[in-house]
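Novice: Sharing input-v8.txt, compact mmCIF, C-alpha atoms:
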# COMPACT_ATOMS: atom_id res chain seq x y z
CA MET Q 1 -17.03 3.15 4.91
CA SER Q 2 -16.07 -0.05 6.67
CA GLY Q 3 -14.68 -2.93 4.68
CA ALA Q 4 -13.03 -3.53 1.34
CA ILE Q 5 -14.43 -1.78 -1.72
CA ARG Q 6 -16.35 -4.33 -3.82
CA PHE Q 7 -15.15 -5.47 -7.22
CA PRO Q 8 -16.44 -4.39 -9.59
CA PHE Q 9 -16.96 -0.96 -8.06
CA ARG Q 10 -20.62 -0.21 -7.36
CA LEU Q 11 -22.89 1.81 -5.13
CA ASP Q 12 -25.34 0.29 -2.66
CA LEU Q 13 -29.02 1.22 -2.43
CA THR Q 14 -28.22 4.24 -0.24
CA GLY Q 15 -25.78 5.65 -2.79
CA SER Q 16 -22.73 4.75 -0.68
CA VAL Q 17 -19.75 2.79 -1.94
CA SER Q 18 -20.53 -0.94 -1.65
CA THR Q 19 -18.10 -2.80 0.61
CA ALA Q 20 -17.41 -6.35 1.77
CA ASP Q 21 -16.38 -7.07 5.36
CA TYR Q 22 -12.62 -7.52 5.72
CA GLY Q 23 -11.71 -11.20 5.64
CA SER Q 24 -15.18 -12.28 4.50
CA ASP Q 25 -15.88 -14.85 1.81
CA GLN Q 26 -17.20 -12.00 -0.35
CA GLU Q 27 -13.86 -10.19 -0.08
CA VAL Q 28 -12.09 -13.39 -1.23
CA ASN Q 29 -14.52 -13.75 -4.17
CA ASP Q 30 -13.95 -10.11 -5.15
CA ALA Q 31 -10.15 -10.54 -4.94
CA ILE Q 32 -10.31 -13.61 -7.19
CA ALA Q 33 -12.52 -11.75 -9.70
CA ALA Q 34 -10.17 -8.75 -9.70
CA ALA Q 35 -7.17 -11.01 -10.34
CA LEU Q 36 -8.95 -12.83 -13.18
CA TYR Q 37 -9.59 -9.52 -14.95
CA THR Q 38 -6.08 -8.13 -14.43
CA GLN Q 39 -3.03 -8.75 -16.64
CA GLN Q 40 0.15 -9.21 -14.62
CA GLY Q 41 2.15 -6.00 -14.88
CA GLU Q 42 -0.97 -3.89 -15.49
CA ARG Q 43 -0.82 -2.35 -12.01
CA PRO Q 44 2.55 -0.59 -11.61
CA LEU Q 45 2.42 -0.61 -7.80
CA ALA Q 46 1.44 -4.30 -7.70
CA ALA Q 47 3.10 -5.66 -10.84
CA SER Q 48 2.75 -9.34 -9.86
CA PHE Q 49 -1.01 -9.03 -9.21
CA GLY Q 50 -3.27 -10.66 -11.80
CA ILE Q 51 -2.92 -13.58 -14.14
CA THR Q 52 -0.73 -14.07 -17.19
CA ASP Q 53 -3.62 -14.42 -19.65
CA PRO Q 54 -6.86 -12.67 -18.57
CA ALA Q 55 -8.05 -12.51 -22.18
CA GLY Q 56 -8.01 -16.30 -22.32
CA LEU Q 57 -6.10 -16.51 -25.58
CA GLY Q 58 -4.12 -19.53 -24.42
CA ILE Q 59 -6.28 -20.73 -21.56
CA ASP Q 60 -4.16 -22.70 -19.12
CA GLU Q 61 -6.01 -23.82 -15.98
CA VAL Q 62 -2.77 -24.77 -14.23
CA ALA Q 63 -1.28 -21.30 -14.76
CA ILE Q 64 -4.49 -19.62 -13.58
CA HIS Q 65 -4.49 -21.83 -10.46
CA SER Q 66 -0.87 -20.94 -9.70
CA ASP Q 67 -1.35 -17.22 -10.35
CA LEU Q 68 -4.45 -17.03 -8.14
CA ALA Q 69 -2.81 -18.92 -5.28
CA THR Q 70 0.17 -16.56 -5.40
CA ASN Q 71 -2.08 -13.47 -5.60
CA LEU Q 72 -4.20 -14.48 -2.61
CA ALA Q 73 -1.14 -15.21 -0.47
CA GLU Q 74 0.45 -11.87 -1.41
CA ILE Q 75 -2.64 -9.87 -0.41
CA GLY Q 76 -3.01 -11.63 2.93
CA PHE Q 77 -5.33 -14.57 2.36
CA ASP Q 78 -2.85 -17.21 3.53
CA ASP Q 79 -5.71 -19.35 4.85
CA VAL Q 80 -7.38 -19.66 1.42
CA THR Q 81 -6.56 -22.59 -0.87
CA ILE Q 82 -7.61 -22.75 -4.51
CA SER Q 83 -9.02 -26.25 -4.84
CA ASP Q 84 -10.06 -26.23 -8.50
CA VAL Q 85 -9.98 -24.06 -11.63
CA ARG Q 86 -12.04 -25.08 -14.63
CA ILE Q 87 -12.70 -23.36 -17.93
CA GLU Q 88 -16.32 -23.97 -18.94
CA PRO Q 89 -17.76 -22.93 -22.31
CA VAL Q 90 -20.66 -20.48 -22.14
CA SER Q 91 -21.14 -20.24 -25.90
CA ASP Q 92 -19.14 -20.91 -29.06
CA VAL Q 93 -16.99 -17.83 -28.42
CA VAL Q 94 -17.21 -17.30 -24.64
CA ALA Q 95 -15.79 -19.34 -21.77
CA ALA Q 96 -15.95 -18.80 -18.02
CA ALA Q 97 -13.32 -19.55 -15.42
CA VAL Q 98 -14.88 -21.39 -12.49
CA VAL Q 99 -12.75 -21.13 -9.37
CA GLU Q 100 -13.42 -23.19 -6.28
CA TRP Q 101 -11.65 -22.36 -3.07
CA GLU Q 102 -11.71 -23.27 0.59
CA ARG Q 103 -10.52 -21.70 3.76
CA GLU Q 104 -8.37 -23.55 6.28
CA GLU Q 105 -10.26 -23.81 9.52
CA GLU Q 106 -8.51 -22.46 12.57
CA PRO Q 107 -8.70 -24.69 15.64
CA ILE Q 108 -11.01 -23.38 18.32
CA LEU Q 109 -9.20 -22.82 21.59
CA GLY Q 110 -9.98 -25.50 24.13
CA ASP Q 111 -10.78 -28.17 21.51
CA GLU Q 112 -7.29 -29.64 21.55
CA GLU Q 113 -6.86 -32.72 23.66
CA GLU Q 114 -4.33 -32.14 26.38
CA ASP Q 115 -1.87 -34.81 27.43
CA GLU Q 116 -2.43 -35.80 31.01
CA GLU Q 117 0.57 -36.53 33.16
CA VAL Q 118 0.30 -39.62 35.35
Written as C-alpha cells, that's how I'd like the structure from this file.
Specialist:
Amino acid sequence: MSGAIRFPFRLDLTGSVSTADYGSDQEVNDAIAAALYTQQGERPLAASFGITDPAGLGIDEVAIHSDLATNLAEIGFDDVTISDVRIEPVSDVVAAAVVEWEREEEPILGDEEEDEEV
C-alpha cells in the first residue's frame, strides 16, 4: 500500500485498500471529509480533530471554516487555505457543507528575478 487510506474506507477493483497519493488533492479532500464527519473530542488520540458540530444542529459556517483550517494545519497541510464554506440545502431536512480550498503555489526555482550588481 502506498499513500493515505481513502475516506471513507473502501476497496479498489483489485480488492486492495484504496489509497490517495500523499499530498495529493484527493488526500486533502478526504481529510476535509473526515473532519466534517468527526466531532471534536471523538478521537482520543487526536482530540482537537474534527468540527464542533458535525450533526449540523447549529450550523455555523464561520466555525466550520475555522475548525477545518486548524485541522488541516495540524495534520500537515500548511499550504492549503480554506477559501469558502457554504451550507447549501439539499432538501427540506438535509443540507450539505460545500468547502472550497486552494493550495499556495510554491515558487519554481530559477523563476525569481535576481538583482544584478552594477
Novice: Tell me which of Q:His65, Q:Arg43, Q:Arg103, Q:Arg6 sits closest to Asp78 in chain Q, counting all atoms listed in the file.
Specialist: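 Looking only at the distances to Asp78 in chain Q, the closest residue turns out to be Q:Arg103.
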Novice: Neighbouring residues of Glu88 in chain Q were defined as those with any atom within 8 Å, considering all atoms listed in the file; residues of the same chain fewer than 3 positions away were excluded. Please report them as a PDB file with C-alpha atoms, in the frame of the given file.
Specialist:
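Just written: part.pdb:
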ATOM      1  CA  ALA Q  95     -15.790 -19.340 -21.770  1.00  0.00           C
ATOM      2  CA  ALA Q  96     -15.950 -18.800 -18.020  1.00  0.00           C
ATOM      3  CA  ALA Q  97     -13.320 -19.550 -15.420  1.00  0.00           C
ATOM      4  CA  VAL Q  98     -14.880 -21.390 -12.490  1.00  0.00           C
TER       5      VAL Q  98
END
Novice: Quote the spacing between CA of Arg10 in chain Q and CA of Leu57 in chain Q in Å to one decimal place.
Specialist: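 Computed distance, CA of Arg10 in chain Q to CA of Leu57 in chain Q, equals 28.4 Å.
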Novice: Mind listing whatever residues come within 12 Å of the point (-16.4, -3.8, -7.1)? Use all atoms listed in the file, file coordinates, and give them as a list in words.
Specialist: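 Nearby residues: Gly3, Ala4, Ile5, Arg6, Phe7, Pro8, Phe9, Arg10, Leu11, Asp12, Val17, Ser18, Thr19, Ala20, Gln26, Glu27, Asn29, Asp30, Ala31, Ile32, Ala33, Ala34 and Tyr37 of chain Q.
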